[in-house]
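**Q** Dropping in upload-v9.cif, with mmCIF, C-alpha atoms.
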data_final
loop_
_atom_site.label_atom_id
_atom_site.label_comp_id
_atom_site.auth_asym_id
_atom_site.auth_seq_id
_atom_site.Cartn_x
_atom_site.Cartn_y
_atom_site.Cartn_z
CA MET A 1 -1.34 21.88 23.92
CA ALA A 2 -3.38 18.69 23.72
CA SER A 3 -6.11 18.58 21.12
CA GLU A 4 -9.67 18.41 22.33
CA PRO A 5 -11.45 15.05 21.98
CA ALA A 6 -13.72 14.74 18.98
CA ARG A 7 -17.32 15.69 19.63
CA PRO A 8 -19.65 12.66 19.53
CA LEU A 9 -21.84 12.57 16.44
CA GLY A 10 -25.47 13.49 16.88
CA ARG A 11 -28.37 11.32 15.74
CA ARG A 12 -28.72 13.10 12.41
CA GLU A 13 -24.98 12.87 11.70
CA ARG A 14 -24.95 9.18 12.60
CA SER A 15 -27.85 8.58 10.23
CA LYS A 16 -26.05 10.37 7.40
CA GLN A 17 -22.88 8.39 8.09
CA ARG A 18 -24.81 5.11 7.90
CA VAL A 19 -26.27 6.07 4.51
CA ARG A 20 -22.86 7.07 3.20
CA ASP A 21 -21.35 3.82 4.47
CA ARG A 22 -24.13 1.83 2.82
CA ILE A 23 -23.57 3.53 -0.54
CA TYR A 24 -19.81 3.06 -0.25
CA THR A 25 -20.06 -0.62 0.73
CA SER A 26 -22.57 -1.31 -2.04
CA ALA A 27 -20.26 0.30 -4.59
CA LEU A 28 -17.28 -1.79 -3.53
CA THR A 29 -19.37 -4.96 -3.63
CA LEU A 30 -20.51 -4.22 -7.17
CA PHE A 31 -17.05 -3.15 -8.33
CA ALA A 32 -15.65 -6.46 -7.11
CA ASP A 33 -18.46 -8.49 -8.69
CA GLN A 34 -18.79 -6.80 -12.08
CA GLY A 35 -15.93 -4.36 -12.41
CA TYR A 36 -15.74 -0.61 -12.11
CA ASP A 37 -16.73 0.16 -15.72
CA GLY A 38 -19.58 -2.34 -15.58
CA THR A 39 -21.17 -0.67 -12.56
CA THR A 40 -23.48 2.33 -12.87
CA ILE A 41 -24.55 4.88 -10.30
CA ASP A 42 -28.12 3.64 -10.67
CA GLN A 43 -27.01 0.12 -9.75
CA ILE A 44 -25.11 1.40 -6.73
CA ALA A 45 -28.13 3.37 -5.54
CA GLU A 46 -30.43 0.39 -6.03
CA HIS A 47 -28.07 -1.95 -4.19
CA ALA A 48 -27.82 0.55 -1.32
CA ASP A 49 -31.61 1.01 -1.33
CA VAL A 50 -31.42 4.78 -1.79
CA ALA A 51 -32.70 7.17 -4.45
CA ARG A 52 -30.31 8.16 -7.24
CA GLY A 53 -30.34 11.73 -5.98
CA THR A 54 -29.25 10.55 -2.54
CA PHE A 55 -26.07 9.16 -4.07
CA PHE A 56 -25.09 12.67 -5.19
CA ASN A 57 -25.61 14.02 -1.68
CA TYR A 58 -22.51 12.04 -0.69
CA PHE A 59 -20.47 11.53 -3.86
CA GLN A 60 -20.38 13.96 -6.78
CA ARG A 61 -19.02 11.37 -9.22
CA LYS A 62 -18.47 7.65 -9.35
CA GLU A 63 -14.72 8.36 -9.30
CA ASP A 64 -15.10 9.85 -5.82
CA LEU A 65 -15.72 6.35 -4.50
CA VAL A 66 -12.23 5.34 -5.60
CA THR A 67 -10.81 8.35 -3.77
CA ALA A 68 -12.79 7.43 -0.64
CA TRP A 69 -11.41 3.89 -0.83
CA ALA A 70 -7.83 5.16 -1.08
CA GLU A 71 -8.39 7.52 1.86
CA ALA A 72 -9.72 4.67 3.99
CA ARG A 73 -6.63 2.60 3.21
CA LYS A 74 -4.40 5.56 4.01
CA ARG A 75 -5.94 5.85 7.46
CA ARG A 76 -5.52 2.11 8.05
CA LEU A 77 -1.85 2.21 7.12
CA GLU A 78 -1.14 5.31 9.20
CA LEU A 79 -2.83 3.78 12.24
CA ALA A 80 -0.93 0.51 11.78
CA MET A 81 2.41 2.31 11.60
CA GLU A 82 1.62 4.63 14.51
CA GLU A 83 1.11 1.51 16.60
CA SER A 84 4.32 -0.06 15.27
CA MET A 85 6.43 3.04 15.94
CA LYS A 86 5.39 3.02 19.61
CA SER A 87 7.83 0.16 20.12
CA ARG A 88 11.22 1.71 20.89
CA ASN A 89 12.97 -1.67 20.91
CA ASP A 90 12.34 -2.50 17.24
CA ASP A 91 14.75 -1.33 14.57
CA VAL A 92 14.07 0.20 11.16
CA THR A 93 13.98 -3.19 9.43
CA VAL A 94 11.17 -4.43 11.68
CA HIS A 95 9.08 -1.32 11.09
CA LEU A 96 9.57 -1.50 7.31
CA GLU A 97 8.60 -5.18 7.34
CA ARG A 98 5.43 -4.33 9.25
CA CYS A 99 4.60 -1.59 6.75
CA MET A 100 5.00 -3.94 3.79
CA ALA A 101 3.01 -6.63 5.61
CA ALA A 102 0.16 -4.18 6.25
CA LEU A 103 0.05 -3.13 2.58
CA ALA A 104 0.05 -6.76 1.51
CA GLU A 105 -2.78 -7.60 3.91
CA PHE A 106 -4.93 -4.72 2.64
CA ASN A 107 -4.65 -5.95 -0.93
CA GLU A 108 -4.69 -9.71 -0.38
CA SER A 109 -7.85 -9.44 1.73
CA GLU A 110 -9.75 -7.61 -1.04
CA ARG A 111 -8.03 -8.59 -4.27
CA GLU A 112 -11.03 -8.10 -6.56
CA ILE A 113 -11.69 -4.60 -5.24
CA THR A 114 -8.02 -3.65 -5.53
CA ALA A 115 -7.93 -4.77 -9.16
CA ALA A 116 -11.11 -2.84 -9.99
CA MET A 117 -9.87 0.36 -8.37
CA LEU A 118 -6.46 0.24 -10.03
CA GLN A 119 -8.08 -0.31 -13.43
CA ALA A 120 -10.40 2.62 -12.79
CA TRP A 121 -7.47 4.97 -12.22
CA VAL A 122 -5.60 3.78 -15.28
CA LYS A 123 -8.65 3.92 -17.58
CA ALA A 124 -9.41 7.43 -16.36
CA GLY A 125 -6.12 8.49 -17.96
CA GLN A 126 -4.53 9.40 -14.64
CA PRO A 127 -1.06 8.30 -13.55
CA LEU A 128 -1.00 5.35 -11.23
CA LEU A 129 -1.41 7.21 -7.95
CA GLU A 130 -2.58 4.35 -5.76
CA GLU A 131 -1.14 4.81 -2.26
CA PRO A 132 0.85 8.03 -3.04
CA TYR A 133 1.09 8.58 0.72
CA ALA A 134 2.99 5.31 1.20
CA GLY A 135 6.22 7.00 0.13
CA GLN A 136 5.93 9.43 3.03
CA VAL A 137 5.13 6.63 5.47
CA PHE A 138 8.24 4.75 4.35
CA ALA A 139 10.30 7.96 4.55
CA ASN A 140 9.16 8.58 8.12
CA ILE A 141 10.37 5.12 9.12
CA ILE A 142 13.74 5.68 7.42
CA GLU A 143 14.13 9.08 9.09
CA ALA A 144 13.41 7.58 12.52
CA GLY A 145 16.04 4.92 11.83
CA ARG A 146 18.49 7.59 10.71
CA GLN A 147 18.00 9.49 13.96
CA ARG A 148 18.74 6.30 15.92
CA GLY A 149 21.92 5.65 13.92
CA GLU A 150 20.49 2.60 12.12
CA VAL A 151 20.52 4.27 8.68
CA SER A 152 23.43 6.08 7.09
CA PHE A 153 23.03 9.81 7.69
CA ASP A 154 23.80 10.69 4.07
CA ILE A 155 20.70 8.80 2.91
CA ASP A 156 17.72 10.89 1.81
CA PRO A 157 14.68 9.33 3.58
CA MET A 158 12.24 10.62 0.96
CA ARG A 159 14.26 9.12 -1.87
CA VAL A 160 14.25 5.73 -0.16
CA GLY A 161 10.54 6.14 0.59
CA ASN A 162 9.79 6.83 -3.06
CA ILE A 163 11.86 3.85 -4.21
CA LEU A 164 9.91 1.57 -1.87
CA ARG A 165 6.60 3.18 -2.85
CA ASP A 166 7.32 2.83 -6.57
CA SER A 167 8.42 -0.79 -6.14
CA TYR A 168 5.26 -1.49 -4.19
CA LEU A 169 3.04 0.07 -6.83
CA GLY A 170 4.66 -1.83 -9.67
CA LEU A 171 4.30 -5.12 -7.85
CA LEU A 172 0.75 -4.31 -6.82
CA TYR A 173 -0.35 -3.60 -10.38
CA ARG A 174 1.22 -6.77 -11.81
CA TRP A 175 -0.14 -8.87 -8.96
CA SER A 176 -3.67 -7.47 -9.33
CA GLN A 177 -3.67 -8.33 -13.06
CA ASP A 178 -2.54 -11.93 -12.50
CA PRO A 179 -5.20 -13.86 -10.57
CA GLY A 180 -3.19 -17.07 -10.87
CA GLY A 181 0.03 -15.52 -9.65
CA ARG A 182 2.47 -18.03 -8.27
CA VAL A 183 3.99 -15.82 -5.57
CA PRO A 184 1.82 -14.17 -2.87
CA LEU A 185 2.07 -10.39 -2.70
CA HIS A 186 3.44 -10.36 0.84
CA ILE A 187 6.39 -12.55 -0.21
CA GLU A 188 7.12 -10.36 -3.24
CA LEU A 189 7.07 -7.22 -1.10
CA ARG A 190 9.31 -8.77 1.52
CA GLU A 191 11.83 -9.66 -1.19
CA VAL A 192 11.77 -6.12 -2.59
CA LEU A 193 12.48 -4.79 0.89
CA ARG A 194 15.40 -7.20 1.30
CA ILE A 195 16.92 -6.08 -2.00
CA VAL A 196 16.57 -2.39 -1.16
CA LEU A 197 18.12 -2.85 2.28
CA THR A 198 20.98 -5.17 1.29
CA GLY A 199 21.58 -4.45 -2.39
CA VAL A 200 22.15 -6.91 -5.21
CA LEU A 201 25.94 -7.14 -5.39
CA SER A 202 27.74 -9.96 -3.61
CA TYR A 203 30.51 -9.15 -1.16
CA SER A 204 33.24 -11.48 0.06
CA GLN A 205 36.69 -11.47 1.57
CA HIS A 206 38.04 -11.25 -1.98
CA GLY A 207 36.20 -8.05 -2.83
CA ARG A 208 32.95 -6.81 -4.30
CA GLY A 209 31.02 -8.59 -7.00
CA VAL A 210 32.73 -11.99 -6.80
CA PRO A 211 30.34 -14.53 -8.37
CA ALA A 212 29.18 -17.23 -6.00
CA SER A 213 28.89 -20.52 -7.91
CA PRO A 214 26.45 -22.98 -6.30
CA THR A 215 28.16 -26.24 -5.42
CA PRO A 216 26.19 -29.41 -6.31
CA ALA A 217 25.72 -31.77 -3.41
CA SER A 218 27.59 -34.53 -5.27
CA SER A 219 30.62 -32.35 -6.04
CA PRO A 220 33.48 -31.31 -3.76
CA ALA A 221 33.40 -27.76 -2.55
CA ALA A 222 34.61 -25.34 -5.15
CA THR A 223 37.61 -23.11 -4.50
CA PRO A 224 36.59 -19.43 -4.33
CA LEU A 225 37.73 -17.39 -7.27
CA ALA A 226 40.37 -14.79 -6.54
CA PRO A 227 39.88 -11.38 -8.13
CA THR A 228 41.67 -10.90 -11.44
CA SER A 229 44.82 -8.83 -11.07
CA ARG A 230 45.16 -5.75 -13.22
CA ALA A 231 48.34 -4.27 -14.64
#
Would you mind writing the file out in structure tokens?
**A**
Amino acid sequence: MASEPARPLGRRERSKQRVRDRIYTSALTLFADQGYDGTTIDQIAEHADVARGTFFNYFQRKEDLVTAWAEARKRRLELAMEESMKSRNDDVTVHLERCMAALAEFNESEREITAAMLQAWVKAGQPLLEEPYAGQVFANIIEAGRQRGEVSFDIDPMRVGNILRDSYLGLLYRWSQDPGGRVPLHIELREVLRIVLTGVLSYSQHGRGVPASPTPASSPAATPLAPTSRA
């Protein structure tokens, strides 16, 4: 049974939503400019041009703004992947690449805010839970690929999803703490995906794990090493 379309917001609800959005946007602006710890609720209320009490009508604590930010990003990622998964001609690799690209774009487009929010979670003594839903999004992509025969059926989609999520989080935290980072986040994430999908061991006609020695341009091609025989 199809769900009923959402009821349009009334004038009062639209007004309340505008106030909430103004408080939220003001908070993110201040967090990016002066850090999460350096921003007070009074400053947020003043920037949003609302009374201090009005702030508490929408957010019980300052930490709730971080949660709201994460929820907004969750919706953005889910919508992006829903659109991607509509394409039946693209394989699991393409969908995973789009997922990583979307996560990179979210963070690269608002680097200062990302850094402030991550620091807020860590300083609050909580585990690094940024994007906990991303593991499930990755797992859904893997499961779809498994159903199409693109992924080995003995692979646990959730395990792969968690590996990708954990790799993403680790990279995100290091990247957010290094403003002068040499490698853009989207390139780092693409490389992580390549490693997860292809592995790190080399394979050749001689067997697994045969070292591939780079051949200098000025030297003749090297003869491949044969595997060592064992008694």
**Q** Name the residues within 12 Å of (10.4, 6.5, -2.7), counting all atoms listed in the file in the file's coordinates, and put them as a compact mmCIF listing (two decimals) with C-alpha atoms, in the coordinates of the input.
**A**
# COMPACT_ATOMS: atom_id res chain seq x y z
CA GLU A 131 -1.14 4.81 -2.26
CA PRO A 132 0.85 8.03 -3.04
CA TYR A 133 1.09 8.58 0.72
CA ALA A 134 2.99 5.31 1.20
CA GLY A 135 6.22 7.00 0.13
CA GLN A 136 5.93 9.43 3.03
CA VAL A 137 5.13 6.63 5.47
CA PHE A 138 8.24 4.75 4.35
CA ALA A 139 10.30 7.96 4.55
CA ASN A 140 9.16 8.58 8.12
CA ILE A 141 10.37 5.12 9.12
CA ILE A 142 13.74 5.68 7.42
CA ILE A 155 20.70 8.80 2.91
CA ASP A 156 17.72 10.89 1.81
CA PRO A 157 14.68 9.33 3.58
CA MET A 158 12.24 10.62 0.96
CA ARG A 159 14.26 9.12 -1.87
CA VAL A 160 14.25 5.73 -0.16
CA GLY A 161 10.54 6.14 0.59
CA ASN A 162 9.79 6.83 -3.06
CA ILE A 163 11.86 3.85 -4.21
CA LEU A 164 9.91 1.57 -1.87
CA ARG A 165 6.60 3.18 -2.85
CA ASP A 166 7.32 2.83 -6.57
CA SER A 167 8.42 -0.79 -6.14
CA TYR A 168 5.26 -1.49 -4.19
CA LEU A 169 3.04 0.07 -6.83
CA VAL A 196 16.57 -2.39 -1.16
**Q** Check the smallest atom-to-atom distance from each of A:Asp154, A:Val94, A:Ala27, A:Glu110 to Leu193 of chain A using only C-alpha atoms, then report the winner.
**A**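 Using only C-alpha atoms, Leu193 of chain A sits closest to A:Val94.
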**Q** Within 12 Å of (13.1, -3.9, 13.5) (file coordinates; only C-alpha atoms), which protein or nucleic acid residues are there? I'd like them as a ChimeraX atom specification.
**A** /A:84-85,87-99,141-142,144-145,148,150
**Q** Hey, can you check how far atom CA of Met81 of chain A sits from atom CA of Ala102 of chain A?
**A** 8.7 Å
**Q** For atom CA of Tyr173 of chain A and atom CA of Gly199 of chain A, quote the distance in Å rounded to one decimal.
**A**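 Rounded to one decimal, the two atoms are 23.4 Å apart.
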**Q** Take the PyMOL selection byres ((chain A and resi 117) around 9), run it mentally on this structure, and tell me the resulting residues as a PyMOL selection string.
**A** chain A and resi 31+35-36+66+69-70+112-116+118-122+130
**Q** For the file shown, what are the residues hit by the PyMOL selection byres ((chain A and resi 186-191) around 8), laid out as a VMD selection string?
**A** chain A and resid 97 100 to 101 104 to 105 168 171 183 to 185 192 to 195
**Q** For Ser109 of chain A, which of A:Phe56, A:Thr25, A:Ser176, A:Glu143 is the closest residue, counting all atoms listed in the file?
**A**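 Between A:Phe56, A:Thr25, A:Ser176, A:Glu143, the residue approaching Ser109 of chain A most closely is A:Ser176.
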**Q** Distance atom CA of Tyr58 of chain A-atom CA of Glu108 of chain A, one decimal place?
**A**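 So the two atoms, atom CA of Tyr58 of chain A and atom CA of Glu108 of chain A, lie 28.1 Å apart.
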**Q** As AutoDock Vina command-line options, please: the centre and edge lengths in Å, to one decimal, of an axis-aligned box enclosing every listed atom of segment 67-86 of chain A with 4 Å added on each side.
**A**
--center_x -3.2 --center_y 4.1 --center_z 7.9 --size_x 27.2 --size_y 16.4 --size_z 31.4
**Q** Go through A:Asp49, A:Glu82, A:Thr39, A:Lys74 one by one, measure the shortest atom-to-atom distance of each to Lys62 of chain A using all atoms listed in the file, and give the residue with the smallest value.
**A**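 Ranked by minimum distance to Lys62 of chain A, first place goes to A:Thr39.
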